[in-house]
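This is model_11.cif (mmCIF, N, CA and C atoms).
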data_final
loop_
_atom_site.label_atom_id
_atom_site.label_comp_id
_atom_site.auth_asym_id
_atom_site.auth_seq_id
_atom_site.Cartn_x
_atom_site.Cartn_y
_atom_site.Cartn_z
N MET A 212 -40.49 4.79 0.43
CA MET A 212 -39.95 4.07 -0.70
C MET A 212 -39.19 2.85 -0.21
N LYS A 213 -39.38 1.72 -0.85
CA LYS A 213 -38.74 0.48 -0.47
C LYS A 213 -37.30 0.42 -0.97
N ARG A 214 -36.45 -0.17 -0.16
CA ARG A 214 -35.07 -0.42 -0.60
C ARG A 214 -34.99 -1.83 -1.13
N ASN A 215 -34.38 -1.98 -2.25
CA ASN A 215 -34.26 -3.34 -2.80
C ASN A 215 -32.99 -4.02 -2.29
N ARG A 216 -32.84 -5.27 -2.62
CA ARG A 216 -31.74 -6.09 -2.11
C ARG A 216 -30.37 -5.58 -2.57
N THR A 217 -30.28 -5.05 -3.78
CA THR A 217 -28.98 -4.57 -4.28
C THR A 217 -28.51 -3.35 -3.50
N ASP A 218 -29.43 -2.51 -3.05
CA ASP A 218 -29.04 -1.36 -2.24
C ASP A 218 -28.46 -1.81 -0.90
N GLU A 219 -29.03 -2.85 -0.31
CA GLU A 219 -28.53 -3.35 0.96
C GLU A 219 -27.14 -3.97 0.79
N ILE A 220 -26.94 -4.70 -0.29
CA ILE A 220 -25.63 -5.32 -0.53
C ILE A 220 -24.57 -4.26 -0.77
N SER A 221 -24.88 -3.23 -1.54
CA SER A 221 -23.88 -2.19 -1.80
C SER A 221 -23.56 -1.40 -0.54
N SER A 222 -24.54 -1.19 0.34
CA SER A 222 -24.25 -0.47 1.58
C SER A 222 -23.40 -1.33 2.51
N GLN A 223 -23.58 -2.66 2.48
CA GLN A 223 -22.75 -3.54 3.28
C GLN A 223 -21.31 -3.54 2.78
N ARG A 224 -21.11 -3.50 1.47
CA ARG A 224 -19.75 -3.46 0.91
C ARG A 224 -19.06 -2.16 1.29
N GLU A 225 -19.78 -1.04 1.24
CA GLU A 225 -19.18 0.23 1.60
C GLU A 225 -18.78 0.26 3.07
N SER A 226 -19.57 -0.37 3.93
CA SER A 226 -19.23 -0.38 5.34
C SER A 226 -17.99 -1.25 5.60
N ARG A 227 -17.79 -2.32 4.80
CA ARG A 227 -16.62 -3.17 4.97
C ARG A 227 -15.34 -2.48 4.49
N GLU A 228 -15.44 -1.58 3.52
CA GLU A 228 -14.28 -0.89 2.99
C GLU A 228 -13.97 0.30 3.89
N ARG A 229 -13.30 0.02 4.99
CA ARG A 229 -13.00 1.07 5.95
C ARG A 229 -11.69 1.75 5.61
N GLU A 230 -11.53 2.92 6.15
CA GLU A 230 -10.28 3.64 5.94
C GLU A 230 -9.24 3.12 6.91
N ARG A 231 -7.97 3.10 6.45
CA ARG A 231 -6.87 2.65 7.28
C ARG A 231 -5.93 3.82 7.52
N PHE A 232 -5.38 3.86 8.72
CA PHE A 232 -4.48 4.94 9.10
C PHE A 232 -3.15 4.35 9.55
N TYR A 233 -2.07 4.86 8.97
CA TYR A 233 -0.72 4.48 9.37
C TYR A 233 0.04 5.74 9.72
N ARG A 234 1.04 5.58 10.57
CA ARG A 234 1.90 6.71 10.91
C ARG A 234 2.72 7.11 9.70
N LYS A 235 2.94 8.40 9.59
CA LYS A 235 3.69 8.91 8.45
C LYS A 235 5.15 8.45 8.49
N ASN A 236 5.70 8.34 9.69
CA ASN A 236 7.10 7.93 9.83
C ASN A 236 7.23 6.50 10.29
N ALA A 237 6.35 5.63 9.82
CA ALA A 237 6.45 4.20 10.12
C ALA A 237 7.69 3.64 9.43
N GLU A 238 8.18 2.53 9.95
CA GLU A 238 9.35 1.88 9.36
C GLU A 238 9.05 1.53 7.89
N PHE A 239 9.95 1.90 6.98
CA PHE A 239 9.69 1.80 5.54
C PHE A 239 9.49 0.36 5.08
N PHE A 240 10.35 -0.56 5.51
CA PHE A 240 10.20 -1.95 5.08
C PHE A 240 8.91 -2.56 5.59
N GLN A 241 8.50 -2.20 6.80
CA GLN A 241 7.25 -2.73 7.34
C GLN A 241 6.05 -2.17 6.58
N LEU A 242 6.14 -0.91 6.17
CA LEU A 242 5.06 -0.30 5.39
C LEU A 242 4.96 -0.96 4.01
N ILE A 243 6.09 -1.17 3.37
CA ILE A 243 6.11 -1.82 2.05
C ILE A 243 5.58 -3.25 2.17
N ASP A 244 5.98 -3.96 3.23
CA ASP A 244 5.52 -5.33 3.43
C ASP A 244 4.01 -5.38 3.68
N LYS A 245 3.47 -4.36 4.30
CA LYS A 245 2.04 -4.30 4.58
C LYS A 245 1.23 -3.93 3.33
N ILE A 246 1.68 -2.93 2.59
CA ILE A 246 0.93 -2.44 1.43
C ILE A 246 1.15 -3.32 0.20
N ARG A 247 2.36 -3.86 0.04
CA ARG A 247 2.72 -4.74 -1.08
C ARG A 247 2.59 -4.05 -2.44
N LEU A 248 2.91 -2.76 -2.49
CA LEU A 248 2.95 -1.99 -3.73
C LEU A 248 4.25 -1.23 -3.79
N TRP A 249 4.78 -1.04 -5.00
CA TRP A 249 6.03 -0.31 -5.19
C TRP A 249 5.84 0.77 -6.25
N PRO A 250 6.17 2.02 -5.93
CA PRO A 250 6.06 3.10 -6.92
C PRO A 250 7.33 3.20 -7.76
N ALA A 251 7.22 3.02 -9.05
CA ALA A 251 8.37 3.16 -9.95
C ALA A 251 8.62 4.64 -10.23
N ARG A 252 9.79 4.94 -10.77
CA ARG A 252 10.14 6.32 -11.04
C ARG A 252 9.27 6.96 -12.12
N GLY A 253 8.67 6.14 -12.95
CA GLY A 253 7.80 6.67 -14.00
C GLY A 253 6.39 6.98 -13.53
N GLY A 254 6.10 6.76 -12.24
CA GLY A 254 4.78 7.04 -11.72
C GLY A 254 3.82 5.87 -11.82
N ILE A 255 4.35 4.65 -11.97
CA ILE A 255 3.53 3.46 -12.11
C ILE A 255 3.64 2.62 -10.84
N LEU A 256 2.50 2.13 -10.34
CA LEU A 256 2.49 1.25 -9.18
C LEU A 256 2.65 -0.20 -9.62
N HIS A 257 3.58 -0.91 -8.98
CA HIS A 257 3.82 -2.33 -9.25
C HIS A 257 3.41 -3.14 -8.03
N GLY A 258 2.95 -4.35 -8.27
CA GLY A 258 2.65 -5.28 -7.19
C GLY A 258 3.89 -6.05 -6.79
N ILE A 259 4.09 -6.22 -5.48
CA ILE A 259 5.28 -6.91 -4.98
C ILE A 259 4.97 -8.39 -4.80
N ARG A 260 5.77 -9.22 -5.45
CA ARG A 260 5.61 -10.66 -5.32
C ARG A 260 6.35 -11.17 -4.09
N SER A 261 7.62 -10.75 -3.93
CA SER A 261 8.40 -11.23 -2.78
C SER A 261 9.38 -10.16 -2.34
N MET A 262 9.74 -10.25 -1.05
CA MET A 262 10.74 -9.37 -0.46
C MET A 262 11.70 -10.23 0.34
N GLU A 263 13.00 -10.05 0.10
CA GLU A 263 14.03 -10.75 0.86
C GLU A 263 14.83 -9.69 1.61
N PHE A 264 14.84 -9.78 2.93
CA PHE A 264 15.51 -8.78 3.76
C PHE A 264 16.95 -9.20 4.02
N HIS A 265 17.87 -8.23 3.87
CA HIS A 265 19.29 -8.44 4.13
C HIS A 265 19.81 -7.25 4.92
N GLY A 266 19.53 -7.20 6.21
CA GLY A 266 19.98 -6.09 7.05
C GLY A 266 19.23 -4.81 6.72
N THR A 267 19.96 -3.80 6.23
CA THR A 267 19.33 -2.52 5.91
C THR A 267 18.88 -2.43 4.45
N THR A 268 19.03 -3.52 3.71
CA THR A 268 18.57 -3.56 2.32
C THR A 268 17.58 -4.70 2.14
N ALA A 269 16.86 -4.63 1.04
CA ALA A 269 15.91 -5.70 0.71
C ALA A 269 15.87 -5.86 -0.80
N ARG A 270 15.71 -7.09 -1.25
CA ARG A 270 15.54 -7.36 -2.67
C ARG A 270 14.06 -7.56 -2.91
N ILE A 271 13.50 -6.71 -3.79
CA ILE A 271 12.08 -6.73 -4.11
C ILE A 271 11.91 -7.30 -5.50
N THR A 272 10.98 -8.25 -5.64
CA THR A 272 10.62 -8.81 -6.94
C THR A 272 9.16 -8.49 -7.19
N THR A 273 8.87 -7.89 -8.35
CA THR A 273 7.50 -7.53 -8.69
C THR A 273 6.85 -8.63 -9.51
N PHE A 274 5.56 -8.54 -9.69
CA PHE A 274 4.84 -9.55 -10.47
C PHE A 274 5.17 -9.48 -11.95
N CYS A 275 5.67 -8.33 -12.42
CA CYS A 275 6.03 -8.23 -13.84
C CYS A 275 7.46 -8.70 -14.10
N GLY A 276 8.15 -9.21 -13.07
CA GLY A 276 9.47 -9.80 -13.27
C GLY A 276 10.64 -8.91 -12.93
N GLU A 277 10.43 -7.67 -12.56
CA GLU A 277 11.54 -6.79 -12.19
C GLU A 277 12.04 -7.17 -10.81
N SER A 278 13.34 -7.04 -10.62
CA SER A 278 13.95 -7.32 -9.33
C SER A 278 14.99 -6.24 -9.06
N PHE A 279 14.98 -5.69 -7.86
CA PHE A 279 15.91 -4.62 -7.52
C PHE A 279 16.14 -4.59 -6.03
N VAL A 280 17.22 -3.91 -5.63
CA VAL A 280 17.60 -3.79 -4.23
C VAL A 280 17.27 -2.38 -3.76
N VAL A 281 16.62 -2.28 -2.58
CA VAL A 281 16.26 -0.98 -2.02
C VAL A 281 16.82 -0.87 -0.61
N ARG A 282 17.05 0.36 -0.17
CA ARG A 282 17.53 0.62 1.19
C ARG A 282 16.38 1.02 2.07
N ASN A 283 16.54 0.80 3.37
CA ASN A 283 15.52 1.14 4.35
C ASN A 283 15.65 2.61 4.70
N SER A 284 14.90 3.46 4.01
CA SER A 284 14.97 4.90 4.23
C SER A 284 13.56 5.48 4.24
N ARG A 285 13.22 6.17 5.33
CA ARG A 285 11.90 6.78 5.43
C ARG A 285 11.77 8.02 4.56
N ASN A 286 12.91 8.60 4.17
CA ASN A 286 12.89 9.83 3.38
C ASN A 286 13.14 9.58 1.89
N SER A 287 13.12 8.33 1.47
CA SER A 287 13.40 8.02 0.07
C SER A 287 12.27 8.46 -0.85
N ARG A 288 12.55 8.46 -2.13
CA ARG A 288 11.55 8.83 -3.12
C ARG A 288 10.35 7.90 -3.03
N ALA A 289 10.60 6.61 -2.93
CA ALA A 289 9.50 5.64 -2.88
C ALA A 289 8.64 5.84 -1.64
N ALA A 290 9.26 6.11 -0.51
CA ALA A 290 8.50 6.33 0.72
C ALA A 290 7.62 7.58 0.59
N ARG A 291 8.17 8.63 0.04
CA ARG A 291 7.38 9.85 -0.14
C ARG A 291 6.24 9.64 -1.13
N TRP A 292 6.50 8.92 -2.22
CA TRP A 292 5.47 8.69 -3.23
C TRP A 292 4.34 7.82 -2.67
N LEU A 293 4.68 6.83 -1.84
CA LEU A 293 3.64 6.00 -1.24
C LEU A 293 2.80 6.80 -0.24
N ARG A 294 3.47 7.60 0.59
CA ARG A 294 2.74 8.38 1.59
C ARG A 294 1.82 9.40 0.95
N ASN A 295 2.29 10.05 -0.10
CA ASN A 295 1.52 11.14 -0.72
C ASN A 295 0.67 10.70 -1.90
N LYS A 296 0.78 9.42 -2.29
CA LYS A 296 0.00 8.84 -3.39
C LYS A 296 0.19 9.61 -4.69
N TRP A 297 1.45 9.76 -5.09
CA TRP A 297 1.77 10.50 -6.31
C TRP A 297 1.81 9.64 -7.55
N CYS A 298 1.54 8.36 -7.43
CA CYS A 298 1.59 7.47 -8.60
C CYS A 298 0.34 7.66 -9.45
N GLY A 299 0.54 7.67 -10.76
CA GLY A 299 -0.56 7.96 -11.66
C GLY A 299 -1.37 6.75 -12.09
N CYS A 300 -0.72 5.61 -12.34
CA CYS A 300 -1.45 4.46 -12.86
C CYS A 300 -0.79 3.18 -12.35
N THR A 301 -1.37 2.04 -12.70
CA THR A 301 -0.85 0.75 -12.27
C THR A 301 -0.23 0.01 -13.45
N CYS A 302 0.65 -0.91 -13.14
CA CYS A 302 1.33 -1.71 -14.16
C CYS A 302 0.36 -2.77 -14.68
N ARG A 303 0.20 -2.82 -15.99
CA ARG A 303 -0.70 -3.82 -16.57
C ARG A 303 -0.13 -5.22 -16.46
N ALA A 304 1.18 -5.34 -16.55
CA ALA A 304 1.81 -6.66 -16.47
C ALA A 304 1.72 -7.26 -15.07
N CYS A 305 1.70 -6.41 -14.05
CA CYS A 305 1.58 -6.91 -12.67
C CYS A 305 0.17 -7.41 -12.37
N GLY A 306 -0.81 -6.82 -12.99
CA GLY A 306 -2.19 -7.26 -12.78
C GLY A 306 -2.69 -7.01 -11.37
N ILE A 307 -2.48 -5.82 -10.86
CA ILE A 307 -2.95 -5.49 -9.52
C ILE A 307 -4.47 -5.44 -9.52
N PRO A 308 -5.13 -6.16 -8.61
CA PRO A 308 -6.59 -6.18 -8.60
C PRO A 308 -7.17 -4.84 -8.16
N ASP A 309 -8.41 -4.59 -8.57
CA ASP A 309 -9.07 -3.32 -8.25
C ASP A 309 -9.28 -3.15 -6.76
N TRP A 310 -9.54 -4.25 -6.04
CA TRP A 310 -9.78 -4.13 -4.60
C TRP A 310 -8.53 -3.64 -3.88
N LYS A 311 -7.35 -4.02 -4.38
CA LYS A 311 -6.11 -3.59 -3.74
C LYS A 311 -5.86 -2.10 -3.97
N ILE A 312 -6.18 -1.62 -5.16
CA ILE A 312 -6.05 -0.19 -5.45
C ILE A 312 -7.05 0.61 -4.61
N ALA A 313 -8.27 0.10 -4.48
CA ALA A 313 -9.28 0.77 -3.65
C ALA A 313 -8.84 0.81 -2.19
N LYS A 314 -8.27 -0.27 -1.72
CA LYS A 314 -7.79 -0.33 -0.34
C LYS A 314 -6.65 0.66 -0.12
N TYR A 315 -5.72 0.74 -1.09
CA TYR A 315 -4.61 1.69 -0.99
C TYR A 315 -5.11 3.13 -1.05
N SER A 316 -6.11 3.39 -1.87
CA SER A 316 -6.60 4.77 -1.98
C SER A 316 -7.33 5.22 -0.72
N LYS A 317 -7.86 4.27 0.07
CA LYS A 317 -8.52 4.62 1.32
C LYS A 317 -7.55 4.64 2.50
N THR A 318 -6.28 4.39 2.26
CA THR A 318 -5.27 4.40 3.32
C THR A 318 -4.75 5.83 3.49
N HIS A 319 -4.69 6.26 4.75
CA HIS A 319 -4.21 7.61 5.06
C HIS A 319 -2.94 7.53 5.90
N MET A 320 -2.03 8.44 5.66
CA MET A 320 -0.81 8.54 6.44
C MET A 320 -0.93 9.81 7.28
N ASN A 321 -0.81 9.65 8.60
CA ASN A 321 -0.99 10.77 9.51
C ASN A 321 0.24 10.89 10.41
N GLN A 322 0.60 12.11 10.75
CA GLN A 322 1.78 12.35 11.55
C GLN A 322 1.62 11.87 12.99
N SER A 323 0.45 12.06 13.57
CA SER A 323 0.32 11.82 15.01
C SER A 323 -0.69 10.75 15.38
N TRP A 324 -1.28 10.06 14.40
CA TRP A 324 -2.29 9.07 14.74
C TRP A 324 -2.27 7.92 13.75
N GLY A 325 -2.45 6.72 14.22
CA GLY A 325 -2.51 5.54 13.36
C GLY A 325 -1.52 4.48 13.81
N SER A 326 -1.52 3.35 13.11
CA SER A 326 -0.65 2.24 13.44
C SER A 326 0.77 2.54 12.99
N ASP A 327 1.74 2.26 13.87
CA ASP A 327 3.14 2.46 13.47
C ASP A 327 3.78 1.15 13.03
N LEU A 328 2.98 0.07 12.95
CA LEU A 328 3.42 -1.23 12.46
C LEU A 328 4.59 -1.80 13.27
N ALA A 329 4.70 -1.42 14.53
CA ALA A 329 5.83 -1.86 15.36
C ALA A 329 5.73 -3.32 15.71
N ASP A 330 4.52 -3.88 15.75
CA ASP A 330 4.38 -5.27 16.14
C ASP A 330 4.79 -6.23 15.02
N ARG A 331 5.06 -5.73 13.83
CA ARG A 331 5.47 -6.56 12.70
C ARG A 331 6.99 -6.58 12.62
N GLY A 332 7.64 -7.33 13.48
CA GLY A 332 9.10 -7.36 13.54
C GLY A 332 9.72 -8.09 12.36
N LYS A 333 10.52 -7.41 11.57
CA LYS A 333 11.25 -8.00 10.45
C LYS A 333 12.70 -7.67 10.61
#

If you took the structure in this file and wrote it as structure tokens, what would it be?
Amino acid sequence: MKRNRTDEISSQRESRERERFYRKNAEFFQLIDKIRLWPARGGILHGIRSMEFHGTTARITTFCGESFVVRNSRNSRAARWLRNKWCGCTCRACGIPDWKIAKYSKTHMNQSWGSDLADRGK
């Protein structure tokens, strides 16, 4: 049976969408800066527009206009929600693209293997 051109294109896209592995205990601000998503307490993922670092705290501004200060804690609620992917849906006002959600869903957090993001000094 012949394969048509659309089958070849879809298989090329699947091969480009690789899985990413990060350390489970990577530095929280570096992980947030890399993923650029923020889990709200209501279970909604927001897109991060900007981050301003001030020592052990950072001011995060989302695309929907929210602005708040967070602390650098690996054991925080947001860190746990990002690692375990407990967020249910995305913010409509932020307009997070589908490719970013697909990329986040293919990201794995592992205890003993993956990038620890140490080369991204902030």

Original post:
With distances taken over only N, CA and C atoms, which of A:Leu242, A:Lys296, A:Thr268, A:Arg291 is nearest to Ser316 in chain A?
Top reply: A:Lys296

Subject >> Shell around range 272-281 of chain A at 8 Å using only N, CA and C atoms, local window under 2 positions removed, as a PyMOL selection string >> reply: chain A and resi 249+257-263+267-270+283-284+302-306

Original post:
What is the atom N of Tyr315 in chain A-atom C of Arg247 in chain A distance in Å, reported with one decimal?
Top reply: 9.7 Å

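One finds atom N of Ile246 in chain A at 12.4 Å from atom N of Ala329 in chain A.
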
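In this structure, CA of Cys300 in chain A sits 19.6 Å away from CA of Ile271 in chain A.
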
**OP:** Go through A:Leu256, A:Ala313, A:Arg294, A:Arg282 and flag the residue nearest Tyr233 in chain A, using only C-alpha atoms for the distances.
**Re:** A:Arg294

**OP:** Name the residues that the PyMOL selection byres (((chain A and resi 318-321 and name CA) around 10) and name CA) pulls out of this structure, and write them as a PyMOL selection string.
**Re:** chain A and resi 229-237+246+293-296+312-317+322-326

**OP:** Within range 233-294 of chain A, find each residue whose DSSP state, derived from the backbone, is helix (DSSP H, G or I), and express the selection as a ChimeraX atom specification.
**Re:** /A:239-246,288-294

**OP:** Based on DSSP run over this structure's backbone, return all residues of range 268-302 of chain A in strand (DSSP E), as a list in words.
**Re:** Thr268, Ala269, Arg270, Ile271, Thr272, Thr273, Ser278, Phe279, Val280, Val281, Arg282, Cys300 and Thr301 of chain A

Once 5 Å is added on each side, what are the centre and the three edge lengths, in Å to one decimal, of the axis-aligned box enclosing the listed atoms of range 304-323 of chain A? Present them as lines of an AutoDock Vina configuration file.
center_x = -4.0
center_y = 2.5
center_z = -0.6
size_x = 21.6
size_y = 29.8
size_z = 41.9

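Within the file as shown, the PyMOL selection byres ((chain A and resi 254) around 5) identifies A:Ala251, A:Arg252, A:Gly253, A:Ile255, A:Leu256, A:Cys298, A:Gly299, A:Cys300.
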